[in-house]
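Colleague: If it helps, the file is called work38.tsv and holds TSV, C-alpha atoms:
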```tsv
chain	number	residue	atom	x	y	z
L	1	MET	CA	-20.67	-44.96	22.50
L	2	SER	CA	-20.16	-43.53	25.96
L	3	LYS	CA	-17.49	-46.04	26.97
L	4	ASN	CA	-14.09	-45.38	25.43
L	5	ASN	CA	-12.69	-48.77	24.45
L	6	ASN	CA	-9.63	-47.13	22.94
L	7	ALA	CA	-8.42	-45.59	26.24
L	8	PRO	CA	-5.94	-44.07	27.01
L	9	TYR	CA	-6.28	-43.00	23.39
L	10	TRP	CA	-9.18	-40.96	22.02
L	11	GLN	CA	-12.51	-42.42	20.88
L	12	VAL	CA	-12.69	-43.35	17.23
L	13	LEU	CA	-15.75	-41.45	15.99
L	14	PRO	CA	-14.95	-37.92	17.29
L	15	SER	CA	-11.29	-38.33	16.27
L	16	ALA	CA	-12.31	-39.34	12.74
L	17	ILE	CA	-14.56	-36.29	12.46
L	18	ALA	CA	-11.72	-34.07	13.74
L	19	LEU	CA	-9.19	-35.46	11.24
L	20	ALA	CA	-11.72	-35.22	8.40
L	21	GLY	CA	-12.20	-31.55	9.34
L	22	ILE	CA	-8.45	-31.02	9.06
L	23	MET	CA	-8.40	-32.90	5.71
L	24	VAL	CA	-11.14	-30.64	4.31
L	25	PHE	CA	-9.29	-27.57	5.63
L	26	ILE	CA	-6.20	-28.75	3.71
L	27	PHE	CA	-8.21	-29.33	0.52
L	28	ALA	CA	-9.64	-25.81	0.90
L	29	THR	CA	-6.33	-24.04	1.58
L	30	PHE	CA	-3.75	-26.12	-0.32
L	31	GLY	CA	-4.82	-29.25	-2.18
L	32	PRO	CA	-4.63	-32.98	-1.48
L	33	PRO	CA	-2.52	-33.56	1.65
L	34	ALA	CA	0.55	-35.82	1.31
L	35	SER	CA	3.40	-36.88	3.52
L	36	SER	CA	5.76	-39.12	1.53
L	37	SER	CA	6.41	-36.04	-0.65
L	38	GLY	CA	8.00	-34.45	2.44
L	39	PHE	CA	10.82	-36.99	2.11
L	40	VAL	CA	11.44	-35.90	-1.49
L	41	THR	CA	11.49	-32.20	-0.59
L	42	THR	CA	13.95	-32.97	2.24
L	43	MET	CA	16.34	-34.81	-0.08
L	44	LYS	CA	15.88	-32.21	-2.81
L	45	GLY	CA	16.98	-29.57	-0.32
L	46	PHE	CA	19.97	-31.70	0.63
L	47	PHE	CA	21.10	-32.28	-2.95
L	48	LEU	CA	20.51	-28.64	-3.93
L	49	GLN	CA	23.14	-27.82	-1.31
L	50	VAL	CA	25.72	-30.54	-1.97
L	51	ALA	CA	25.19	-31.42	-5.64
L	52	PRO	CA	22.87	-28.88	-7.32
L	53	GLU	CA	23.44	-30.26	-10.82
L	54	TYR	CA	22.38	-33.73	-9.72
L	55	ALA	CA	19.18	-32.39	-8.09
L	56	GLU	CA	18.30	-30.36	-11.17
L	57	GLY	CA	19.01	-33.27	-13.51
L	58	LYS	CA	16.68	-35.75	-11.78
L	59	ALA	CA	13.00	-35.83	-12.77
L	60	HIS	CA	11.85	-36.96	-9.32
L	61	TYR	CA	13.35	-33.86	-7.67
L	62	ARG	CA	12.26	-31.55	-10.49
L	63	MET	CA	8.60	-32.56	-10.06
L	64	MET	CA	8.60	-31.66	-6.35
L	65	PRO	CA	9.02	-28.28	-4.65
L	66	GLY	CA	12.05	-27.72	-2.42
L	67	PRO	CA	12.21	-27.27	1.36
L	68	GLY	CA	10.48	-23.85	1.39
L	69	SER	CA	7.11	-25.40	0.66
L	70	TRP	CA	3.79	-26.50	2.19
L	71	LEU	CA	4.83	-30.16	1.85
L	72	MET	CA	7.96	-29.65	3.95
L	73	ALA	CA	6.17	-27.48	6.52
L	74	PHE	CA	3.46	-30.12	6.87
L	75	VAL	CA	5.83	-32.95	7.88
L	76	LEU	CA	7.79	-30.61	10.16
L	77	GLY	CA	4.48	-29.63	11.78
L	78	MET	CA	3.78	-33.34	12.31
L	79	ALA	CA	7.15	-33.78	14.04
L	80	ILE	CA	6.71	-30.67	16.22
L	81	CYS	CA	3.26	-31.80	17.20
L	82	GLY	CA	4.42	-35.34	17.86
L	83	PHE	CA	6.73	-33.82	20.46
L	84	ILE	CA	3.94	-31.78	22.08
L	85	ALA	CA	1.41	-34.62	21.92
L	86	GLY	CA	3.92	-37.15	23.30
L	87	ARG	CA	4.94	-34.89	26.19
L	88	THR	CA	1.33	-34.27	27.20
L	89	PHE	CA	0.25	-37.90	27.02
L	90	ARG	CA	-0.11	-40.19	29.99
L	91	GLN	CA	1.29	-43.31	28.34
L	92	LYS	CA	5.07	-43.78	28.35
L	93	ILE	CA	6.74	-43.48	24.95
L	94	GLU	CA	8.83	-46.56	24.15
L	95	ASP	CA	11.76	-47.02	21.77
L	96	MET	CA	10.58	-50.52	20.90
L	97	PRO	CA	7.04	-51.91	20.68
L	98	LYS	CA	6.14	-54.48	23.32
L	99	ILE	CA	4.99	-57.01	20.71
L	100	TRP	CA	8.41	-56.79	19.03
L	101	GLU	CA	10.21	-57.45	22.31
L	102	GLN	CA	7.97	-60.45	23.01
L	103	HIS	CA	9.02	-61.99	19.69
L	104	TYR	CA	12.62	-60.91	19.20
L	105	GLY	CA	13.96	-59.99	22.63
L	106	ALA	CA	15.43	-56.71	23.83
L	107	SER	CA	18.10	-56.24	21.10
L	108	ARG	CA	17.79	-52.67	19.90
L	109	ALA	CA	20.08	-53.30	16.93
L	110	LYS	CA	17.67	-55.88	15.50
L	111	ARG	CA	14.65	-53.58	15.86
L	112	TYR	CA	16.40	-50.52	14.46
L	113	ALA	CA	17.80	-52.48	11.49
L	114	THR	CA	14.30	-53.78	10.74
L	115	THR	CA	12.66	-50.36	10.96
L	116	PHE	CA	15.41	-48.88	8.75
L	117	LEU	CA	14.59	-51.53	6.14
L	118	GLY	CA	10.86	-50.96	6.72
L	119	GLY	CA	11.32	-47.23	6.21
L	120	PHE	CA	13.26	-47.87	3.02
L	121	LEU	CA	10.44	-50.06	1.66
L	122	ILE	CA	7.55	-47.74	2.57
L	123	LEU	CA	9.20	-44.81	0.82
L	124	PHE	CA	10.41	-46.79	-2.20
L	125	GLY	CA	6.90	-48.25	-2.60
L	126	ALA	CA	5.16	-44.92	-2.01
L	127	ARG	CA	7.31	-43.09	-4.54
L	128	LEU	CA	6.71	-45.83	-7.12
L	129	ALA	CA	2.94	-45.73	-6.57
L	130	GLY	CA	2.87	-41.93	-6.37
L	131	GLY	CA	1.87	-41.52	-2.72
L	132	CYS	CA	1.49	-43.10	0.72
L	133	THR	CA	-1.24	-43.89	3.26
L	134	LEU	CA	-2.15	-40.20	3.33
L	135	GLY	CA	-1.17	-38.90	-0.11
L	136	LEU	CA	-2.59	-41.80	-2.09
L	137	PHE	CA	-5.06	-43.72	0.10
L	138	LEU	CA	-6.73	-41.12	2.37
L	139	SER	CA	-6.43	-38.20	-0.08
L	140	GLY	CA	-7.23	-40.39	-3.07
L	141	ALA	CA	-10.24	-42.17	-1.58
L	142	THR	CA	-11.59	-38.80	-0.38
L	143	GLN	CA	-11.48	-37.69	-4.04
L	144	LEU	CA	-13.16	-41.01	-5.02
L	145	SER	CA	-10.08	-41.98	-7.05
L	146	LEU	CA	-9.58	-45.60	-8.07
L	147	SER	CA	-5.81	-45.34	-7.51
L	148	GLY	CA	-6.45	-44.55	-3.83
L	149	LEU	CA	-8.90	-47.43	-3.36
L	150	TYR	CA	-6.65	-49.88	-5.20
L	151	PHE	CA	-3.51	-48.81	-3.28
L	152	GLY	CA	-5.43	-48.88	0.04
L	153	ALA	CA	-6.63	-52.45	-0.52
L	154	VAL	CA	-3.15	-53.65	-1.52
L	155	ILE	CA	-1.31	-52.02	1.42
L	156	PHE	CA	-3.79	-53.32	4.01
L	157	ILE	CA	-3.72	-56.89	2.71
L	158	THR	CA	0.09	-56.96	2.35
L	159	ALA	CA	0.72	-55.36	5.76
L	160	MET	CA	-1.67	-57.82	7.43
L	161	LEU	CA	0.07	-60.81	5.82
L	162	THR	CA	3.52	-59.38	6.64
L	163	ALA	CA	2.56	-58.80	10.30
L	164	ARG	CA	1.30	-62.39	10.52
L	165	TRP	CA	4.70	-63.59	9.32
L	166	VAL	CA	6.78	-61.17	11.45
L	167	TYR	CA	4.75	-61.85	14.60
L	168	SER	CA	4.06	-65.53	14.03
L	169	PRO	CA	3.63	-67.44	17.36
L	170	ARG	CA	6.63	-69.67	16.58
L	171	ARG	CA	8.90	-66.61	16.73
L	172	VAL	CA	8.03	-65.83	20.36
L	173	HIS	CA	11.28	-65.11	22.18
L	174	HIS	CA	12.38	-67.36	25.05
L	175	ASP	CA	15.26	-66.30	27.27
B	1	MET	CA	5.15	-17.68	2.99
B	2	THR	CA	1.43	-18.17	3.69
B	3	ASP	CA	1.81	-21.71	2.35
B	4	ILE	CA	4.45	-22.49	4.96
B	5	TRP	CA	2.29	-21.27	7.85
B	6	LEU	CA	-0.71	-23.17	6.47
B	7	GLY	CA	1.42	-26.32	6.12
B	8	LEU	CA	2.81	-25.98	9.64
B	9	PHE	CA	-0.66	-25.46	11.10
B	10	ALA	CA	-2.15	-28.36	9.14
B	11	GLY	CA	0.74	-30.66	10.05
B	12	THR	CA	0.51	-29.76	13.72
B	13	ALA	CA	-3.24	-30.38	13.89
B	14	PHE	CA	-2.96	-33.59	11.84
B	15	GLY	CA	-0.08	-34.90	13.96
B	16	PHE	CA	-1.93	-34.26	17.20
B	17	VAL	CA	-5.02	-36.23	16.18
B	18	ILE	CA	-3.09	-39.21	14.79
B	19	GLN	CA	-0.99	-39.34	17.96
B	20	ARG	CA	-4.09	-39.25	20.16
B	21	ILE	CA	-5.83	-42.06	18.24
B	22	GLY	CA	-2.70	-44.22	18.63
B	23	ALA	CA	-1.58	-44.39	14.99
B	24	THR	CA	1.97	-43.33	15.90
B	25	ASN	CA	2.32	-46.27	18.32
B	26	PRO	CA	3.84	-49.21	16.38
B	27	HIS	CA	2.64	-51.71	19.02
B	28	LYS	CA	-0.95	-50.66	18.39
B	29	MET	CA	-0.39	-50.63	14.63
B	30	ALA	CA	1.01	-54.18	14.69
B	31	LEU	CA	-2.04	-55.35	16.65
B	32	ALA	CA	-4.28	-53.63	14.09
B	33	HIS	CA	-2.53	-55.55	11.30
B	34	LEU	CA	-2.93	-58.78	13.30
B	35	MET	CA	-6.70	-58.14	13.62
B	36	ARG	CA	-6.42	-57.59	17.39
B	37	GLU	CA	-7.02	-53.81	17.39
B	38	PRO	CA	-10.06	-52.54	15.47
B	39	TYR	CA	-9.79	-48.82	16.28
B	40	ILE	CA	-7.07	-47.63	13.89
B	41	PRO	CA	-8.59	-49.32	10.78
B	42	GLN	CA	-12.09	-48.11	11.72
B	43	PHE	CA	-10.69	-44.63	12.29
B	44	MET	CA	-9.06	-44.57	8.84
B	45	LEU	CA	-12.21	-45.76	7.10
B	46	LEU	CA	-14.38	-43.21	8.95
B	47	VAL	CA	-11.93	-40.40	8.12
B	48	VAL	CA	-12.40	-41.17	4.41
B	49	ILE	CA	-16.21	-41.17	4.74
B	50	PHE	CA	-16.31	-37.79	6.53
B	51	SER	CA	-13.57	-36.23	4.37
B	52	ALA	CA	-15.34	-37.30	1.18
B	53	LEU	CA	-18.59	-35.77	2.45
B	54	GLY	CA	-16.75	-32.58	3.43
B	55	LEU	CA	-14.90	-32.33	0.13
B	56	PHE	CA	-18.16	-32.92	-1.76
B	57	ALA	CA	-19.74	-29.98	0.09
B	58	LEU	CA	-16.62	-27.85	-0.42
B	59	GLU	CA	-16.60	-28.49	-4.17
B	60	ALA	CA	-20.34	-27.86	-4.40
B	61	SER	CA	-19.70	-24.42	-2.94
B	62	GLY	CA	-16.96	-23.79	-5.50
B	63	GLY	CA	-13.92	-24.27	-3.25
B	64	GLY	CA	-11.10	-26.77	-2.90
B	65	THR	CA	-8.20	-27.96	-5.03
B	66	THR	CA	-8.14	-31.60	-6.06
B	67	ARG	CA	-5.59	-33.68	-7.93
B	68	VAL	CA	-6.44	-37.28	-8.72
B	69	LEU	CA	-3.41	-39.53	-9.13
B	70	PRO	CA	-3.48	-41.93	-12.10
B	71	THR	CA	-4.11	-45.63	-11.52
B	72	SER	CA	-1.22	-47.68	-12.83
B	73	LEU	CA	-2.04	-51.37	-12.56
B	74	VAL	CA	1.60	-52.41	-12.12
B	75	ALA	CA	3.20	-49.40	-10.37
B	76	THR	CA	0.31	-48.66	-7.97
B	77	GLY	CA	-0.06	-52.37	-7.15
B	78	LEU	CA	3.65	-53.21	-6.88
B	79	GLY	CA	4.32	-49.98	-4.95
B	80	GLY	CA	1.50	-51.01	-2.60
B	81	VAL	CA	3.00	-54.46	-2.04
B	82	ILE	CA	6.47	-53.02	-1.28
B	83	PHE	CA	4.85	-50.41	0.97
B	84	GLY	CA	2.74	-53.02	2.77
B	85	ILE	CA	5.78	-55.18	3.57
B	86	GLY	CA	7.56	-52.16	5.06
B	87	TRP	CA	4.44	-51.09	6.99
B	88	GLY	CA	3.97	-54.60	8.41
B	89	CYS	CA	7.66	-54.78	9.47
B	90	SER	CA	8.02	-51.35	11.04
B	91	GLY	CA	4.48	-50.36	12.05
B	92	TYR	CA	5.04	-46.87	10.66
B	93	CYS	CA	3.95	-45.11	7.50
B	94	PRO	CA	5.59	-42.03	5.96
B	95	GLY	CA	3.34	-39.62	7.86
B	96	THR	CA	3.15	-41.31	11.25
B	97	CYS	CA	6.94	-41.72	11.47
B	98	TRP	CA	7.47	-37.92	11.49
B	99	ALA	CA	5.09	-37.55	14.43
B	100	ALA	CA	6.63	-40.60	16.15
B	101	VAL	CA	10.11	-39.07	15.77
B	102	GLY	CA	8.72	-36.00	17.53
B	103	GLU	CA	7.39	-38.23	20.30
B	104	GLY	CA	10.95	-39.49	20.77
B	105	ARG	CA	10.59	-43.06	19.53
B	106	MET	CA	14.06	-44.25	18.47
B	107	ASP	CA	12.74	-46.93	16.09
B	108	ALA	CA	10.84	-44.17	14.24
B	109	VAL	CA	14.11	-42.26	13.80
B	110	PHE	CA	15.51	-45.30	11.98
B	111	THR	CA	12.33	-45.57	9.90
B	112	LEU	CA	12.75	-41.94	8.89
B	113	LEU	CA	16.42	-42.51	7.95
B	114	GLY	CA	15.47	-45.63	5.99
B	115	GLY	CA	12.73	-43.61	4.30
B	116	LEU	CA	15.20	-40.94	3.22
B	117	ALA	CA	17.46	-43.68	1.81
B	118	GLY	CA	14.50	-45.28	-0.02
B	119	THR	CA	13.59	-41.89	-1.49
B	120	VAL	CA	17.14	-41.28	-2.74
B	121	VAL	CA	17.32	-44.72	-4.38
B	122	PHE	CA	13.91	-44.36	-6.03
B	123	ALA	CA	14.60	-40.81	-7.22
B	124	HIS	CA	17.88	-42.04	-8.72
B	125	LEU	CA	16.05	-44.81	-10.63
B	126	HIS	CA	12.95	-42.73	-11.55
B	127	GLU	CA	14.00	-42.30	-15.19
B	128	SER	CA	14.19	-46.05	-15.76
B	129	LEU	CA	11.43	-47.32	-13.42
B	130	ILE	CA	8.58	-44.94	-14.32
B	131	PRO	CA	8.62	-45.67	-18.11
B	132	MET	CA	9.00	-49.39	-17.36
B	133	LEU	CA	6.43	-49.90	-14.57
B	134	TYR	CA	4.17	-46.86	-14.30
B	135	THR	CA	3.40	-45.50	-17.74
B	136	PRO	CA	2.60	-48.68	-19.76
B	137	THR	CA	-0.21	-49.83	-17.44
B	138	SER	CA	-1.52	-46.41	-16.46
B	139	LEU	CA	-5.28	-46.15	-16.90
B	140	GLY	CA	-5.31	-42.40	-16.28
B	141	GLN	CA	-6.95	-40.35	-13.54
B	142	LEU	CA	-9.93	-42.62	-12.99
B	143	THR	CA	-12.48	-41.96	-10.25
B	144	LEU	CA	-15.69	-43.65	-9.14
B	145	VAL	CA	-17.55	-40.84	-10.94
B	146	ASP	CA	-16.27	-42.26	-14.25
B	147	TRP	CA	-17.89	-45.57	-13.32
B	148	PHE	CA	-21.14	-44.28	-11.89
B	149	GLY	CA	-21.57	-41.27	-14.14
B	150	HIS	CA	-22.93	-39.17	-11.30
B	151	PRO	CA	-20.91	-37.63	-8.41
B	152	GLY	CA	-23.67	-38.22	-5.84
B	153	ALA	CA	-24.02	-41.91	-6.76
B	154	ALA	CA	-20.24	-42.34	-6.61
B	155	LEU	CA	-20.09	-40.72	-3.16
B	156	GLY	CA	-22.97	-42.90	-1.98
B	157	PHE	CA	-21.15	-46.02	-3.18
B	158	LEU	CA	-17.94	-44.97	-1.36
B	159	ILE	CA	-19.84	-44.36	1.88
B	160	ILE	CA	-21.56	-47.76	1.68
B	161	LEU	CA	-18.28	-49.51	0.80
B	162	PHE	CA	-16.34	-47.93	3.70
B	163	GLY	CA	-19.31	-48.21	6.07
B	164	VAL	CA	-19.43	-51.96	5.40
B	165	GLY	CA	-15.66	-51.97	6.01
B	166	VAL	CA	-16.16	-50.37	9.45
B	167	LEU	CA	-18.76	-53.02	10.34
B	168	LEU	CA	-16.60	-55.90	9.06
B	169	VAL	CA	-13.61	-54.69	11.11
B	170	GLY	CA	-15.89	-54.50	14.16
B	171	ARG	CA	-17.09	-58.04	13.48
B	172	PHE	CA	-13.78	-59.79	12.70
B	173	TRP	CA	-11.17	-57.85	14.71
B	174	SER	CA	-10.86	-58.83	18.36
B	175	VAL	CA	-9.77	-56.44	21.10
B	176	GLN	CA	-6.50	-57.13	22.88
B	177	ASN	CA	-5.76	-54.91	25.83
B	178	GLY	CA	-2.16	-53.83	26.24
```
Represent the structure from my file as structure tokens, please.

Modeller:
Amino acid sequence: MSKNNNAPYWQVLPSAIALAGIMVFIFATFGPPASSSGFVTTMKGFFLQVAPEYAEGKAHYRMMPGPGSWLMAFVLGMAICGFIAGRTFRQKIEDMPKIWEQHYGASRAKRYATTFLGGFLILFGARLAGGCTLGLFLSGATQLSLSGLYFGAVIFITAMLTARWVYSPRRVHHD
Amino acid sequence: MTDIWLGLFAGTAFGFVIQRIGATNPHKMALAHLMREPYIPQFMLLVVIFSALGLFALEASGGGTTRVLPTSLVATGLGGVIFGIGWGCSGYCPGTCWAAVGEGRMDAVFTLLGGLAGTVVFAHLHESLIPMLYTPTSLGQLTLVDWFGHPGAALGFLIILFGVGVLLVGRFWSVQNG
């Protein structure tokens, strides 16, 4: 495994051990890590400011802590670190993936509208299932839970089929 | 307050590793979904193997907090389908999009905004959707230990299952450069 096939990114095996170490640290100091919950704490904080009665009347906000919590700090830490990691990385950060441009051209509006819809779906689906790639699949499978294994299988299969449709060869963009 | 520092530290470390493996790059994620990039799926499967081993050791020494989410046949499955469509379209998941926003990817900013909108709509409908879709087909907090009867056997099964997954991805995923 001396050759890094994933360059300029890190090698798979050491990175997986590093992330597993962080996962175990989180289990030891907090509990199962989760990131879609960070969206709920954000919106709970918003509604507590603008419409406190609404936030307190809704079960989905009541079951989650507010912004002053581990869950919120975790996603903010991810964003802060994304900035540091992006700035110290040798590959240029792009607003639009190359594969998207090859299929749909350079229109930013089309890409941003699609990712807005994609974001809507991942959070709606995650909140219905009770967690996301991290909170339900990685955390769940680590705890040997069937919900995590079931959710993981469904999201991989559906995302693979969706990507085949979105990036089908007949959609390749011609100027 | 300690919780906030712990969360910030954990998020920072987590974000750094997922950025460096390429999981915050939607081009790479799309190739992974198209079976042209084996590293991200192999990485995820290996993370589960090593985390499960680590958590097993942690629990054996009396530490760790766990919380198993219930398996709801309809809600977990349907939520997964909706999630998978969004993941395939955008190339981001709820965690990676925060780190990608930090990197300065504009399409991740729109994913995050869409995610906040999806959260608001779901939270608004929680009272009608959960009793309709989640509760009736919930099987409870099942784990592999319930099936195997022994934690060690269940862990062994998980490692074999995910290890086979790593090998299958290596066998059937091609490598596309760039």

Colleague: Segment 36-46 of chain L: which residues within 10 Å, counting all atoms listed in the file, same-chain residues fewer than 3 positions away excluded, as a PyMOL selection string?

Modeller: (chain L and resi 33+49-52+54-56+58+60-76+122-124+126-127+130-136) or (chain B and resi 93-95+98+112-113+115-120+122-123)

Colleague: As an exercise, work out the distance from atom CA of Tyr39 of chain B to atom CA of Pro14 of chain L in Å and give it to one decimal place.

Modeller: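 If I compute the distance from atom CA of Tyr39 of chain B to atom CA of Pro14 of chain L, I get 12.1 Å.
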
Colleague: In terms of the shortest atom-to-atom distance over only C-alpha atoms, which of B:Leu142, B:Leu125, B:Val169, B:Val74 is closest to chain L?

Modeller: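 Looking at the shortest contact to chain L, the residue is B:Leu142.
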
Colleague: Using all atoms listed in the file, what residues lie at most 10 Å away from (-7.8, -30.8, -8.0) (file coordinates), given as a PyMOL selection string?

Modeller: (chain L and resi 27+30-32+143) or (chain B and resi 59+64-69)

Colleague: Please provide as a ChimeraX atom specification all residues within 8 Å of Val24 of chain L, with the sequence filter that same-chain residues fewer than 3 positions apart are discarded (counting only C-alpha atoms).

Modeller: /L:20-21,27-28 /B:51,54-55,58

Colleague: For each of L:Arg164, L:Lys92, L:His103, L:Lys110, take the minimum atom-to-atom distance to chain B, counting all atoms listed in the file, then give the residue where this is smallest.

Modeller: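 Of all the options, L:Arg164 lies closest to chain B.
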
Colleague: Quick one: everything within 8 Å of Thr158 of chain L, counting all atoms listed in the file, minus sequence neighbours fewer than 3 positions away in the same chain. Send it as a count of residues only.

Modeller: 9

Colleague: Using all atoms listed in the file, pick whichever of B:Phe56, B:Phe83, B:Phe148, B:Phe172 has the shortest atom-to-atom distance to chain L.

Modeller: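 Residue with the minimum atom-to-atom distance to chain L: B:Phe83.
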
Colleague: Which distance in Å separates atom CA of Arg170 of chain L and atom CA of Leu117 of chain L, to one decimal?

Modeller: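 Computed distance, atom CA of Arg170 of chain L to atom CA of Leu117 of chain L, equals 22.4 Å.
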
Colleague: Considering only C-alpha atoms, can you say which of B:Thr12, B:Ile4, B:Pro26, B:Ser72 comes closest to Phe151 of chain L?

Modeller: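 Closest to Phe151 of chain L, using only C-alpha atoms: B:Ser72.
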
Colleague: Excluding Pro8 of chain L and residues on its chain fewer than 6 positions from it, collect all residues at most 12 Å away from it, counting all atoms listed in the file, and give them as a list in words.

Modeller: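 Close residues of Pro8 of chain L: Phe89, Arg90, Gln91 and Lys92 of chain L; Gln19, Arg20, Ile21, Gly22, Lys28, Asn177 and Gly178 of chain B.
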
Colleague: Closest to chain L among B:Leu168, B:Met106, B:Met1, B:Leu73, using only C-alpha atoms?

Modeller: B:Met106

Colleague: Would you mind listing what lies within 12 Å of Ile18 of chain B as a PyMOL selection string, with all atoms listed in the file counted and same-chain residues fewer than 6 positions away left out?

Modeller: (chain L and resi 9-12+15-16+18-20+22+78-79+81-82+85-86+134) or (chain B and resi 11-12+24-25+29+39-40+43-44+47+92-93+95-100+103)

Colleague: What is the distance between atom CA of Phe16 of chain B and atom CA of Ser35 of chain L, in Å to one decimal?

Modeller: 14.9 Å

Colleague: Can you work out which one of L:Trp100, L:Lys3, L:Gly125, L:Ala153 has the shortest atom-to-atom distance to Leu138 of chain L, counting only C-alpha atoms?

Modeller: L:Ala153

Colleague: Take the point (-0.2, -42.2, -17.3) in the file's coordinates, draw a sphere of radius 10 Å around it, and report as a list in words every protein, DNA or RNA residue with an atom inside or on it, counting all atoms listed in the file.

Modeller: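 Nearby residues: Leu69, Pro70, Thr71, Ser72, Ile130, Pro131, Tyr134, Thr135, Pro136, Thr137, Ser138, Leu139, Gly140 and Gln141 of chain B.
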